[in-house]
$ cat structure26.txt   # compact mmCIF, C-alpha atoms and all ligand atoms
# COMPACT_ATOMS: atom_id res chain seq x y z
CA MET A 1 2.55 -18.55 -9.47
CA SER A 2 4.57 -21.03 -7.37
CA LEU A 3 7.81 -19.10 -7.89
CA GLU A 4 9.81 -21.37 -5.64
CA ARG A 5 9.55 -24.16 -8.20
CA PHE A 6 10.18 -22.05 -11.32
CA THR A 7 13.22 -20.17 -12.64
CA LEU A 8 13.64 -18.45 -16.00
CA VAL A 9 16.97 -17.58 -17.61
CA VAL A 10 16.98 -15.32 -20.65
CA ALA A 11 19.74 -16.54 -22.94
CA ARG A 12 19.48 -13.90 -25.64
CA LEU A 13 22.77 -13.46 -27.47
CA HIS A 14 21.68 -11.16 -30.24
CA ASN A 15 19.76 -7.96 -30.76
CA GLN A 16 16.60 -9.59 -32.12
CA LYS A 17 15.25 -6.57 -33.96
CA ALA A 18 18.56 -5.93 -35.76
CA LEU A 19 18.79 -9.59 -36.72
CA PHE A 20 15.20 -9.56 -38.04
CA ALA A 21 15.96 -6.46 -40.12
CA THR A 22 19.14 -8.02 -41.57
CA ASP A 23 17.42 -11.32 -42.41
CA VAL A 24 14.42 -9.59 -44.03
CA GLY A 25 16.71 -7.31 -46.06
CA SER A 26 18.87 -10.14 -47.38
CA GLY A 27 15.91 -12.49 -47.96
CA LEU A 28 14.00 -9.96 -50.05
CA VAL A 29 16.96 -9.08 -52.30
CA SER A 30 17.82 -12.74 -52.95
CA ARG A 31 16.47 -14.57 -56.03
CA PRO A 32 14.08 -16.28 -55.44
CA LYS A 33 12.92 -14.12 -52.54
CA THR A 34 12.88 -15.89 -49.17
CA LEU A 35 12.02 -15.15 -45.53
CA PRO A 36 13.11 -17.43 -42.66
CA CYS A 37 10.24 -19.37 -41.10
CA ARG A 38 11.56 -18.79 -37.56
CA TYR A 39 10.05 -15.29 -37.78
CA PHE A 40 6.50 -16.68 -37.94
CA TYR A 41 6.36 -16.84 -34.17
CA ASP A 42 5.60 -13.36 -32.81
CA GLU A 43 2.65 -13.19 -30.39
CA GLU A 44 0.04 -13.30 -33.17
CA GLY A 45 1.93 -15.99 -35.10
CA SER A 46 2.27 -18.21 -32.02
CA ALA A 47 -1.46 -17.90 -31.35
CA LEU A 48 -2.22 -18.78 -34.99
CA PHE A 49 0.11 -21.79 -34.76
CA GLU A 50 -1.82 -23.03 -31.70
CA GLU A 51 -4.99 -22.72 -33.84
CA ILE A 52 -3.32 -24.66 -36.68
CA CYS A 53 -2.57 -27.50 -34.27
CA LYS A 54 -6.32 -27.91 -33.64
CA LEU A 55 -7.39 -27.88 -37.32
CA PRO A 56 -9.02 -31.05 -38.67
CA GLU A 57 -6.59 -31.07 -41.64
CA TYR A 58 -3.41 -30.55 -39.56
CA TYR A 59 -2.82 -34.14 -38.43
CA PRO A 60 0.76 -33.91 -36.97
CA THR A 61 -0.11 -32.62 -33.48
CA ARG A 62 -3.01 -35.01 -32.99
CA THR A 63 -1.09 -37.96 -34.39
CA GLU A 64 1.97 -37.34 -32.24
CA ARG A 65 -0.28 -37.05 -29.22
CA GLU A 66 -1.88 -40.39 -30.11
CA ILE A 67 1.57 -42.07 -30.19
CA LEU A 68 2.58 -40.57 -26.84
CA GLU A 69 -0.75 -41.54 -25.27
CA VAL A 70 -0.13 -45.17 -26.12
CA ARG A 71 3.67 -45.34 -25.85
CA ALA A 72 4.82 -42.88 -23.15
CA GLY A 73 5.46 -45.72 -20.68
CA GLU A 74 7.57 -47.70 -23.18
CA ILE A 75 9.51 -44.60 -24.20
CA VAL A 76 10.36 -43.60 -20.64
CA ALA A 77 11.29 -47.19 -19.79
CA LEU A 78 14.21 -46.92 -22.26
CA VAL A 79 15.85 -44.21 -20.14
CA ALA A 80 17.61 -44.84 -16.81
CA SER A 81 15.90 -43.41 -13.71
CA PRO A 82 15.92 -40.80 -12.20
CA LEU A 83 16.07 -38.54 -15.23
CA THR A 84 16.01 -34.83 -15.97
CA LEU A 85 13.70 -33.82 -18.80
CA VAL A 86 14.93 -31.21 -21.30
CA GLU A 87 12.74 -29.92 -24.14
CA LEU A 88 13.75 -27.95 -27.23
CA GLY A 89 10.95 -25.69 -28.50
CA SER A 90 8.58 -26.59 -25.68
CA GLY A 91 5.73 -24.23 -26.76
CA SER A 92 2.57 -24.99 -24.78
CA ALA A 93 4.14 -28.29 -23.52
CA GLU A 94 0.73 -29.97 -23.75
CA LYS A 95 2.02 -33.26 -25.23
CA THR A 96 4.95 -33.24 -22.81
CA ARG A 97 2.48 -33.89 -19.99
CA LEU A 98 2.04 -37.46 -21.20
CA LEU A 99 5.76 -38.12 -20.67
CA ILE A 100 5.86 -36.13 -17.40
CA GLU A 101 3.10 -38.35 -15.99
CA SER A 102 4.96 -41.53 -16.92
CA ILE A 103 8.19 -40.20 -15.43
CA LEU A 104 6.49 -39.14 -12.19
CA GLY A 105 5.06 -42.64 -12.00
CA ARG A 106 8.55 -43.98 -11.36
CA GLN A 107 10.54 -41.18 -9.67
CA ALA A 108 9.64 -38.92 -6.74
CA THR A 109 10.48 -35.54 -8.28
CA LEU A 110 11.29 -34.23 -11.74
CA ARG A 111 13.48 -31.39 -12.98
CA TYR A 112 12.17 -30.07 -16.31
CA ILE A 113 14.22 -27.68 -18.47
CA PRO A 114 12.05 -26.25 -21.28
CA ILE A 115 13.81 -24.14 -23.93
CA ASP A 116 11.72 -21.83 -26.08
CA ILE A 117 12.15 -18.61 -28.00
CA SER A 118 8.97 -17.18 -26.42
CA GLN A 119 9.18 -16.03 -22.81
CA ASP A 120 5.40 -15.75 -22.70
CA ALA A 121 4.93 -19.35 -23.79
CA LEU A 122 7.47 -20.48 -21.16
CA LYS A 123 5.82 -18.52 -18.36
CA GLN A 124 2.30 -19.65 -19.23
CA SER A 125 3.11 -23.32 -19.75
CA SER A 126 5.36 -23.46 -16.65
CA GLN A 127 2.69 -21.85 -14.51
CA ARG A 128 0.17 -24.49 -15.54
CA LEU A 129 2.69 -27.31 -15.00
CA VAL A 130 3.76 -26.27 -11.47
CA GLU A 131 0.10 -25.89 -10.54
CA ASP A 132 -0.82 -29.32 -11.89
CA TYR A 133 2.26 -31.30 -10.74
CA ARG A 134 3.44 -30.68 -7.19
CA ARG A 135 6.56 -32.81 -7.69
CA ILE A 136 7.96 -30.88 -10.67
CA GLU A 137 10.65 -28.17 -10.65
CA ILE A 138 11.12 -26.04 -13.76
CA ASP A 139 14.28 -24.23 -14.87
CA ALA A 140 13.22 -22.59 -18.12
CA ILE A 141 15.56 -21.07 -20.70
CA ALA A 142 14.31 -18.37 -23.10
CA GLY A 143 16.29 -18.36 -26.32
CA ASP A 144 16.66 -20.06 -29.68
CA TYR A 145 17.96 -23.62 -29.93
CA GLN A 146 21.58 -22.52 -30.14
CA GLU A 147 21.28 -20.16 -27.18
CA GLY A 148 19.36 -22.73 -25.14
CA LEU A 149 21.78 -25.56 -25.87
CA GLY A 150 24.63 -23.22 -24.94
CA ARG A 151 23.12 -22.97 -21.46
CA LEU A 152 22.85 -26.72 -20.95
CA PRO A 153 25.74 -28.29 -19.09
CA MET A 154 27.73 -30.92 -20.98
CA ALA A 155 26.77 -34.46 -20.01
CA SER A 156 25.77 -34.35 -16.35
CA ASP A 157 26.05 -36.98 -13.60
CA GLY A 158 22.44 -37.95 -13.97
CA THR A 159 20.50 -39.07 -17.02
CA ARG A 160 18.71 -36.71 -19.36
CA LEU A 161 15.86 -37.30 -21.74
CA ILE A 162 15.97 -34.52 -24.34
CA LEU A 163 12.78 -33.92 -26.33
CA TRP A 164 12.42 -32.30 -29.72
CA LEU A 165 8.79 -32.90 -30.59
CA GLY A 166 6.26 -31.62 -33.11
CA SER A 167 8.39 -32.35 -36.21
CA ASN A 168 10.21 -29.08 -35.65
CA VAL A 169 13.16 -30.90 -37.20
CA GLY A 170 11.18 -30.80 -40.46
CA ASN A 171 11.66 -27.05 -40.80
CA PHE A 172 15.42 -27.57 -41.27
CA HIS A 173 16.93 -28.64 -44.60
CA ARG A 174 18.11 -32.22 -44.30
CA ASP A 175 21.80 -31.37 -43.87
CA GLU A 176 20.96 -28.59 -41.39
CA ALA A 177 18.81 -31.05 -39.43
CA ALA A 178 21.80 -33.40 -39.16
CA LYS A 179 23.99 -30.50 -37.99
CA MET A 180 21.41 -29.55 -35.37
CA LEU A 181 21.24 -33.13 -34.08
CA ARG A 182 25.04 -33.19 -33.98
CA ARG A 183 24.96 -30.10 -31.77
CA VAL A 184 22.51 -31.81 -29.43
CA ALA A 185 24.60 -35.01 -29.50
CA ALA A 186 27.65 -32.97 -28.42
CA LYS A 187 25.79 -32.22 -25.18
CA MET A 188 24.76 -35.82 -24.58
CA GLY A 189 26.46 -38.36 -22.36
CA GLU A 190 26.31 -42.11 -22.89
CA ARG A 191 23.21 -42.48 -20.71
CA ASP A 192 21.30 -39.57 -22.24
CA ARG A 193 18.53 -40.11 -24.78
CA LEU A 194 17.06 -37.85 -27.45
CA LEU A 195 13.41 -38.28 -28.50
CA VAL A 196 12.48 -36.60 -31.79
CA GLY A 197 8.97 -36.34 -33.27
CA ILE A 198 9.27 -36.65 -37.06
CA ASP A 199 6.53 -36.34 -39.67
CA LEU A 200 6.59 -39.07 -42.32
CA ARG A 201 6.31 -38.98 -46.10
CA LYS A 202 2.76 -39.52 -47.28
CA ASN A 203 0.42 -38.78 -50.12
CA ARG A 204 -0.11 -35.19 -51.28
CA GLN A 205 -3.91 -35.46 -50.80
CA ILE A 206 -3.24 -35.52 -47.05
CA LEU A 207 -0.25 -33.20 -46.96
CA GLU A 208 -1.39 -30.23 -49.01
CA PRO A 209 -4.68 -29.59 -47.13
CA ALA A 210 -2.71 -29.84 -43.85
CA TYR A 211 -0.76 -26.77 -44.99
CA ASP A 212 -3.62 -25.03 -46.83
CA ASP A 213 -6.65 -25.56 -44.62
CA SER A 214 -10.24 -24.79 -45.53
CA GLN A 215 -10.61 -22.15 -42.78
CA GLY A 216 -7.60 -20.18 -44.02
CA VAL A 217 -5.75 -20.28 -40.67
CA THR A 218 -2.45 -21.36 -42.28
CA ALA A 219 -2.87 -18.58 -44.86
CA ARG A 220 -3.23 -16.04 -42.00
CA PHE A 221 -0.20 -17.58 -40.25
CA ASN A 222 1.89 -17.17 -43.41
CA LEU A 223 0.62 -13.64 -44.19
CA ASN A 224 1.33 -12.61 -40.59
CA LEU A 225 5.01 -12.55 -41.56
CA LEU A 226 4.28 -9.53 -43.77
CA ALA A 227 2.19 -7.96 -40.96
CA ARG A 228 5.19 -8.43 -38.65
CA ILE A 229 7.48 -6.64 -41.13
CA ASN A 230 4.90 -3.83 -41.26
CA HIS A 231 4.74 -3.46 -37.43
CA GLU A 232 8.36 -3.98 -36.56
CA LEU A 233 10.21 -2.57 -39.56
CA GLY A 234 7.78 0.01 -40.93
CA GLY A 235 6.93 -2.12 -43.96
CA ARG A 236 4.12 -1.04 -46.32
CA PHE A 237 2.91 -4.47 -47.41
CA ASP A 238 -0.77 -4.51 -48.43
CA LEU A 239 -1.69 -8.00 -47.20
CA SER A 240 -4.73 -8.14 -49.47
CA THR A 241 -2.42 -8.20 -52.52
CA PHE A 242 -0.63 -11.42 -51.50
CA HIS A 243 -1.94 -14.96 -51.20
CA HIS A 244 -0.77 -18.14 -49.50
CA ARG A 245 0.36 -21.20 -51.47
CA ALA A 246 1.44 -24.62 -50.18
CA VAL A 247 2.75 -27.35 -52.51
CA TYR A 248 4.26 -30.76 -51.87
CA ASP A 249 7.44 -31.63 -53.78
CA GLU A 250 7.33 -35.39 -53.76
CA ASN A 251 10.90 -35.94 -54.96
CA ILE A 252 12.45 -33.78 -52.27
CA GLY A 253 9.81 -34.88 -49.75
CA ARG A 254 8.85 -31.44 -48.51
CA ILE A 255 5.94 -29.04 -48.29
CA GLU A 256 6.92 -25.60 -49.57
CA MET A 257 5.02 -22.51 -48.46
CA TYR A 258 4.98 -19.27 -50.42
CA LEU A 259 3.45 -15.79 -50.31
CA VAL A 260 2.53 -14.83 -53.87
CA SER A 261 2.11 -11.24 -55.06
CA ASP A 262 -1.15 -10.90 -57.00
CA ARG A 263 0.18 -7.97 -59.02
CA ALA A 264 3.32 -6.11 -59.99
CA GLN A 265 4.12 -3.72 -57.16
CA GLN A 266 6.82 -1.98 -55.12
CA VAL A 267 6.78 -2.20 -51.33
CA HIS A 268 8.73 0.27 -49.19
CA ILE A 269 10.27 -0.84 -45.86
CA ASP A 270 11.15 2.23 -43.73
CA ALA A 271 13.66 0.60 -41.34
CA LEU A 272 15.63 -0.83 -44.26
CA GLY A 273 15.31 2.25 -46.50
CA MET A 274 14.51 -0.06 -49.37
CA ASP A 275 11.85 -0.59 -52.04
CA VAL A 276 11.15 -4.20 -52.90
CA SER A 277 9.83 -4.86 -56.42
CA PHE A 278 7.47 -7.74 -57.14
CA ALA A 279 6.40 -9.01 -60.55
CA ALA A 280 2.80 -10.25 -60.82
CA GLY A 281 2.79 -13.85 -59.54
CA GLU A 282 6.25 -13.54 -57.94
CA ALA A 283 6.58 -15.57 -54.73
CA ILE A 284 8.44 -15.26 -51.44
CA HIS A 285 9.48 -18.72 -50.21
CA THR A 286 8.64 -18.68 -46.49
CA GLU A 287 8.86 -22.26 -45.22
CA ASP A 288 9.90 -25.83 -45.98
CA SER A 289 8.50 -28.71 -43.99
CA TYR A 290 10.46 -31.89 -44.70
CA LYS A 291 8.85 -35.30 -44.43
CA TYR A 292 10.91 -38.43 -43.77
CA SER A 293 10.84 -42.10 -44.70
CA PRO A 294 12.12 -44.55 -42.04
CA ALA A 295 15.28 -44.97 -44.19
CA GLU A 296 15.76 -41.18 -44.20
CA ILE A 297 15.49 -41.18 -40.41
CA ASP A 298 18.27 -43.81 -40.26
CA ALA A 299 20.38 -41.67 -42.61
CA LEU A 300 19.73 -38.62 -40.41
CA ALA A 301 20.91 -40.54 -37.35
CA GLU A 302 24.03 -41.72 -39.16
CA ALA A 303 24.87 -38.20 -40.37
CA ALA A 304 24.51 -36.89 -36.80
CA GLY A 305 26.68 -39.58 -35.17
CA LEU A 306 23.63 -41.08 -33.48
CA ALA A 307 21.94 -44.49 -33.50
CA VAL A 308 18.24 -45.33 -33.30
CA ALA A 309 17.43 -46.93 -29.93
CA GLY A 310 13.65 -47.08 -30.33
CA GLN A 311 10.93 -46.02 -32.74
CA TRP A 312 7.16 -45.74 -32.42
CA PHE A 313 4.47 -45.03 -35.01
CA ASP A 314 0.75 -44.32 -35.03
CA GLN A 315 -1.55 -46.91 -36.62
CA ARG A 316 -1.59 -45.17 -40.02
CA ARG A 317 2.21 -44.67 -39.93
CA TRP A 318 1.82 -40.94 -40.56
CA PHE A 319 4.16 -39.79 -37.77
CA SER A 320 7.00 -41.24 -35.73
CA GLU A 321 8.76 -40.81 -32.43
CA THR A 322 12.39 -41.84 -32.68
CA MET A 323 14.75 -42.26 -29.75
CA PHE A 324 18.40 -41.58 -30.52
CA VAL A 325 21.54 -42.43 -28.56
CA HIS A 326 25.22 -41.82 -29.16
CA GLN A 327 26.55 -44.38 -31.62
CA CYS A 328 29.07 -45.41 -28.97
CA ALA A 329 26.49 -45.70 -26.15
CA ARG A 330 25.56 -49.05 -24.68
CA LEU A 331 21.82 -49.59 -24.45
CA PRO A 332 20.45 -50.39 -20.95
C1 LIG B 1 6.40 -25.94 -36.48
N1 LIG B 1 6.36 -26.79 -37.67
C2 LIG B 1 6.73 -28.18 -37.35
C3 LIG B 1 5.15 -26.69 -38.46
C4 LIG B 1 5.21 -27.66 -39.67
O1 LIG B 1 4.30 -28.50 -39.78
O2 LIG B 1 6.17 -27.61 -40.43
C5 LIG B 1 4.93 -25.26 -38.94
C6 LIG B 1 3.72 -25.10 -39.81
N2 LIG B 1 3.66 -24.42 -40.93
C7 LIG B 1 2.45 -24.45 -41.43
N3 LIG B 1 1.70 -25.19 -40.64
C8 LIG B 1 2.46 -25.61 -39.61

$ encode --input "structure26.txt" --output "structure tokens"
Amino acid sequence: MSLERFTLVVARLHNQKALFATDVGSGLVSRPKTLPCRYFYDEEGSALFEEICKLPEYYPTRTEREILEVRAGEIVALVASPLTLVELGSGSAEKTRLLIESILGRQATLRYIPIDISQDALKQSSQRLVEDYRRIEIDAIAGDYQEGLGRLPMASDGTRLILWLGSNVGNFHRDEAAKMLRRVAAKMGERDRLLVGIDLRKNRQILEPAYDDSQGVTARFNLNLLARINHELGGRFDLSTFHHRAVYDENIGRIEMYLVSDRAQQVHIDALGMDVSFAAGEAIHTEDSYKYSPAEIDALAEAAGLAVAGQWFDQRRWFSETMFVHQCARLP
């Protein structure tokens, strides 16, 4: 690995295992039962998510890529040069390459600051990037969004393009999404730009199969949460007695994912010293994935103190890339 062009800071604030135990305990005693979707992403869950991204039914990754393939040049042109690239939840950083190539087409070197919860994902993606781009320097931050943003300096002298791709914003409730964007905005100077990939509202015939695919990968991804409780907290979940369900609530504009108990049962969790009772058919709500209309994106910007500076869609208008600026910022 070209270590001279890669640094990694671990910005962990909390004891992750204790936090997981607390969240599982409180989620499973609440009515209805819930588990936070951020715990999907252990090593197995991250690998399953990469598989989801390649499924024929899961259109978001492919569609976002399609937009970036066509529009990367236009997007980058809206940001002053030279810029530093920051990415929240960088994952494999595959789509980011399209923007990196456009940026390197107009500036000699690039500083890239990926922020991700997974150190492994950061190391692997950074290794591939420094090998493929000799003019890139990577200062990675391992931590959640809050921890990562905490490590970013307030508005710097230069210009920053901050990326939040993949419709990760969709896994926040609408008001939480606005709060998150506000937190990002607090770090932005007048010249900085924020590019967010947002999945759009569409018909349930497209949405539900995207979250309940024919190969059962999303079901395995969802059930892996119970496997994780078994490994890390001494849970006794029998995975064969739960099934995956994904439904679209058209009024709210969100996909809801559940794990449903096929029978009445009690499940012991050693680390929590608790027995969790399930009625037959009782569900644990594990994820929401919000979809937006263009008007809802405008409302999100407004609620976060941001303004829309640019917006790009794919041909079917299934997905969007939106560029946000401070409401007070002057556009170039
Ligand atoms: C990470 N996130 C944007 C995905 C989504 O589409 O909400 C997570 C996911 N859940 C099931 N499939 C994909």

$ residues_near_ligand --input "structure26.txt" --ligand "ligand LIG 1 (chain B)" --cutoff "9 Å" --atoms "only C-alpha atoms and all ligand atoms" --output "mmCIF file with C-alpha atoms, in the frame of the given file"
data_model
loop_
_atom_site.group_PDB
_atom_site.id
_atom_site.type_symbol
_atom_site.label_atom_id
_atom_site.label_comp_id
_atom_site.auth_asym_id
_atom_site.auth_seq_id
_atom_site.Cartn_x
_atom_site.Cartn_y
_atom_site.Cartn_z
ATOM 1 C CA CYS A 37 10.240 -19.370 -41.100
ATOM 2 C CA ARG A 38 11.560 -18.790 -37.560
ATOM 3 C CA PHE A 40 6.500 -16.680 -37.940
ATOM 4 C CA PHE A 49 0.110 -21.790 -34.760
ATOM 5 C CA ILE A 52 -3.320 -24.660 -36.680
ATOM 6 C CA CYS A 53 -2.570 -27.500 -34.270
ATOM 7 C CA TYR A 58 -3.410 -30.550 -39.560
ATOM 8 C CA PRO A 60 0.760 -33.910 -36.970
ATOM 9 C CA THR A 61 -0.110 -32.620 -33.480
ATOM 10 C CA LEU A 165 8.790 -32.900 -30.590
ATOM 11 C CA GLY A 166 6.260 -31.620 -33.110
ATOM 12 C CA SER A 167 8.390 -32.350 -36.210
ATOM 13 C CA ASN A 168 10.210 -29.080 -35.650
ATOM 14 C CA VAL A 169 13.160 -30.900 -37.200
ATOM 15 C CA GLY A 170 11.180 -30.800 -40.460
ATOM 16 C CA ASN A 171 11.660 -27.050 -40.800
ATOM 17 C CA ILE A 198 9.270 -36.650 -37.060
ATOM 18 C CA ASP A 199 6.530 -36.340 -39.670
ATOM 19 C CA ALA A 210 -2.710 -29.840 -43.850
ATOM 20 C CA TYR A 211 -0.760 -26.770 -44.990
ATOM 21 C CA ASP A 212 -3.620 -25.030 -46.830
ATOM 22 C CA VAL A 217 -5.750 -20.280 -40.670
ATOM 23 C CA THR A 218 -2.450 -21.360 -42.280
ATOM 24 C CA ALA A 219 -2.870 -18.580 -44.860
ATOM 25 C CA PHE A 221 -0.200 -17.580 -40.250
ATOM 26 C CA ASN A 222 1.890 -17.170 -43.410
ATOM 27 C CA ALA A 246 1.440 -24.620 -50.180
ATOM 28 C CA ILE A 255 5.940 -29.040 -48.290
ATOM 29 C CA MET A 257 5.020 -22.510 -48.460
ATOM 30 C CA GLU A 287 8.860 -22.260 -45.220
ATOM 31 C CA ASP A 288 9.900 -25.830 -45.980
ATOM 32 C CA SER A 289 8.500 -28.710 -43.990
ATOM 33 C CA TYR A 290 10.460 -31.890 -44.700
#

$ closest_atom_pairs --input "structure26.txt" --of "stretch 191-297 of chain A" --to "stretch 75-85 of chain A" --cutoff "10 Å" --atoms "all atoms listed in the file" --output "JSON lines"
{"residue": "A:Arg191", "atom": "CA", "partner": "A:Ala80", "partner_atom": "CA", "distance": 7.2}
{"residue": "A:Asp192", "atom": "CA", "partner": "A:Val79", "partner_atom": "CA", "distance": 7.5}
{"residue": "A:Arg193", "atom": "CA", "partner": "A:Val79", "partner_atom": "CA", "distance": 6.7}
{"residue": "A:Leu194", "atom": "CA", "partner": "A:Val79", "partner_atom": "CA", "distance": 9.8}
{"residue": "A:Leu195", "atom": "CA", "partner": "A:Ile75", "partner_atom": "CA", "distance": 8.6}

$ write_last_selection --input "structure26.txt" --atoms "C-alpha atoms" --output "PDB file, in the coordinates of the input"
ATOM      1  CA  ARG A 191      23.210 -42.480 -20.710  1.00  0.00           C
ATOM      2  CA  ASP A 192      21.300 -39.570 -22.240  1.00  0.00           C
ATOM      3  CA  ARG A 193      18.530 -40.110 -24.780  1.00  0.00           C
ATOM      4  CA  LEU A 194      17.060 -37.850 -27.450  1.00  0.00           C
ATOM      5  CA  LEU A 195      13.410 -38.280 -28.500  1.00  0.00           C
TER       6      LEU A 195
END

$ residues_around --input "structure26.txt" --residues "stretch 114-128 of chain A" --least-positions-apart "6" --cutoff "8 Å" --atoms "all atoms listed in the file" --output "number ranges by chain"
A: 1-2, 6, 86-93, 138-145, 148

$ atom_distance --input "structure26.txt" --atom1 "atom CA of A:Glu190" --atom2 "atom CA of A:Ala155"
8.2 Å

$ atom_distance --input "structure26.txt" --atom1 "atom CA of A:Ala283" --atom2 "atom CA of A:Val260"
4.2 Å

$ residues_around --input "structure26.txt" --residues "A:Asn203" --least-positions-apart "3" --cutoff "12 Å" --atoms "only C-alpha atoms" --output "compact mmCIF listing (two decimals) with C-alpha atoms, in the coordinates of the input"
# COMPACT_ATOMS: atom_id res chain seq x y z
CA LEU A 200 6.59 -39.07 -42.32
CA ILE A 206 -3.24 -35.52 -47.05
CA LEU A 207 -0.25 -33.20 -46.96
CA GLU A 208 -1.39 -30.23 -49.01
CA PRO A 209 -4.68 -29.59 -47.13
CA ALA A 210 -2.71 -29.84 -43.85
CA VAL A 247 2.75 -27.35 -52.51
CA TYR A 248 4.26 -30.76 -51.87
CA ASP A 249 7.44 -31.63 -53.78
CA GLU A 250 7.33 -35.39 -53.76
CA ASN A 251 10.90 -35.94 -54.96
CA GLY A 253 9.81 -34.88 -49.75
CA ARG A 254 8.85 -31.44 -48.51
CA ILE A 255 5.94 -29.04 -48.29
CA LYS A 291 8.85 -35.30 -44.43
CA ARG A 317 2.21 -44.67 -39.93
CA TRP A 318 1.82 -40.94 -40.56

$ closest_residue --input "structure26.txt" --among "A:Arg263, A:His231, A:Phe324, A:Arg245" --to "A:Glu44" --atoms "all atoms listed in the file"
A:His231

$ closest_residue --input "structure26.txt" --among "A:Leu48, A:Ile297, A:Leu19, A:Leu225" --to "A:Met323" --atoms "only C-alpha atoms"
A:Ile297

$ atom_distance --input "structure26.txt" --atom1 "atom CA of A:Pro36" --atom2 "atom CA of A:Lys95"
26.0 Å
